[in-house]
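To keep things clear, I will list the structure first and then write my remarks on it.
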Amino acid sequence: MKRCIIARYRIETCLPIEQVAETIAGEQSSGTFLPVPGETEELKARSRAKVTNITLLDSADTPSLPGGRMPRGASGPLKYQRAEITLAFPFANVGANLPTLIATVCGNLYELSDHTGCKLLDLELPLEFGAKYPGPQFSVDGTRKLAGVFDRPILGTIVKPSVGFTPQQTAELVSELGEAGIDFIKDDELQADAPHCPFKDRVAAVMRVINDLADRTGKKVMFAFNITDDLDAMLRNHDTVLAAGGTCVMLSLHSVGLPGLLALRKHCALPIHGHRNGWGMYARHPLLGVEYPAWQKFWRLAGADHLHVNGLQNKFSEPDDSVVRSIQACRTPMFRPDDTAMPVVSSGQWGGQAPETYRLTGTTDLMYVAGGGIMAHPMGPAAGLRGLQQAWEAAVKGIDLNTYAETHPELRETIVKFGHSK
């Protein structure tokens, strides 16, 4: 059998499922809405995508999305059947080309009026993609080495308020958190190179604090500076961080796109912290967009070392089981053992989610990033960090949080402030 790109989708339609699956396969390979003279049987045998599996799911009385085509001569109530379909796209149609891969598996199929819902669930890619694309440069092990953290989660926070601090105010916050022993701090995705906090000034002020602290204590805080910008500026920003002794850079992935990440990865000497802001546009609707297991493969291939996965009991709309699947997806090798990405657990996190996160994932190979869960602690950010450290200590040891809090005041105040642990 010829090499193929395997793509699995969830679709919904009031038309025959087999017909709609074939329409999607044709539209995204050799066909179009009308037969054309050049689409010979020989060409179709060579280049048309094949429907390899259809699994019927539930049905609905109303469509999930507007604009669907009605069956010819339809009258009365309709049923909208849902199904999972698997398509095999000939590798020769695409080659090892990430942007064209996205055009193939996430392209015009979404606009087709034959269905009222279509979501890419997962992908299987030929070995040529692993051979061509670099993948993560640091992944989990390299990140742990730079952060100096080996036997627990890398605990971190986000600079809050998201915007408004001057470079010096940012450095003062980093100093307080660094003195408390934090592992990781990141810029908010809204803070890159703005007039109120110029990038070069922020890097200089923050790294002065981090380097001084490292000289005194031997621990170097990893700070992910947001270098998101036009391509030339992004590369210059990376060089600024590297020259100052920094150990991480951050990108808003959807802002720079796959070619932007690939260009940075070729140039980069630091871990790339991939932020997925805008993710809801791709994933929030169950019958539109892309599921995380497919999405993260694109960005890992292009070189992201860390990928945001949301968090349990988070402030957004994503359910816990989806977050757990995302963490598992990042930790599952694609082409080689070291091409995994470090999952970044964030979004409304505090110590209370630590036990369940550990129980459901069975790993400490993750970054656990709390913004308000550290910064809004009633005893101050340093105590907020200690409360988070204590929560993870209890989680790994299998000790109930409330029991552990009896002898750990920072954790006790964390629970009082943010809610009682389950």
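Chain labels follow the order of the structure tokens: the first chain is A, the next B, and so on; residue numbering restarts at 1 in every chain, and ligands are counted from 1 in their shown order.
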Using only C-alpha atoms, which residues sit within 8 Å of Val105 in chain A once same-chain residues fewer than 4 positions away are excluded, as a PyMOL selection string?
-> chain A and resi 7+28+101+109+120
Can you list, as a PyMOL selection string, every protein, DNA or RNA residue that comes within 6 Å of range 392-397 of chain A when you count only C-alpha atoms, leaving out same-chain residues fewer than 3 positions away?
-> chain A and resi 354-355+389
Would you mind reading off the distance between CA of Arg69 in chain A and CA of Gln19 in chain A, one decimal, in Å?
->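 These atoms are spaced 12.8 Å apart.
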Nearest to Thr100 in chain A: which of A:Val369, A:Leu258, A:Val174, A:Leu65 is it, counting only C-alpha atoms?
-> A:Leu258
Looking only at the backbone, which of the residues in range 114-155 of chain A does DSSP tag as strand (DSSP E or B), as number ranges by chain?
-> A: 117-124, 154-155
Using only C-alpha atoms, I'd like a table of the residues in range 112-133 of chain A that come within 10 Å of range 281-286 of chain A; for each, show the closest atom pair and its distance in Å rounded to one decimal, ordered by chain and ascending number, as CSV.
residue,atom,partner,partner_atom,distance
A:Gly117,CA,A:Pro286,CA,8.4
A:Cys118,CA,A:Pro286,CA,8.6
A:Lys119,CA,A:Pro286,CA,7.2
A:Leu120,CA,A:Ala283,CA,9.6
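One distance worth recording is that between CA of Ile182 in chain A and CA of Gly156 in chain A, which is 6.2 Å.
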For Pro381 in chain A, list every protein, DNA or RNA residue within 8 Å, evaluated using only C-alpha atoms, and leave out those in the same chain fewer than 5 positions away; present the list as number ranges by chain.
-> A: 176-177, 374-376
Proximity to Asp212 in chain A - best of A:Ser175, A:Asn314, A:Gln390, A:Thr40, only C-alpha atoms =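 Counting only C-alpha atoms, the residue closest to Asp212 in chain A is A:Ser175.
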Would you tabulate, counting only C-alpha atoms, all residues of range 336-379 of chain A that have an atom at most 9 Å from an atom of range 130-152 of chain A, showing the closest pair of atoms and their distance in Å to one decimal, sorted by chain then ascending number, as a Markdown table?
| residue | atom | partner | partner_atom | distance |
| --- | --- | --- | --- | --- |
| A:Arg336 | CA | A:Gly130 | CA | 8.2 |
| A:Asp338 | CA | A:Ser139 | CA | 6.9 |
| A:Asp339 | CA | A:Pro136 | CA | 5.7 |
| A:Thr340 | CA | A:Ser139 | CA | 6.0 |
| A:Ala341 | CA | A:Ser139 | CA | 5.1 |
| A:Met342 | CA | A:Val140 | CA | 5.1 |
| A:Pro343 | CA | A:Val140 | CA | 8.7 |
| A:Thr363 | CA | A:Arg152 | CA | 8.7 |
| A:Thr364 | CA | A:Arg152 | CA | 5.2 |
| A:Asp365 | CA | A:Val140 | CA | 7.0 |
| A:Leu366 | CA | A:Val140 | CA | 8.0 |
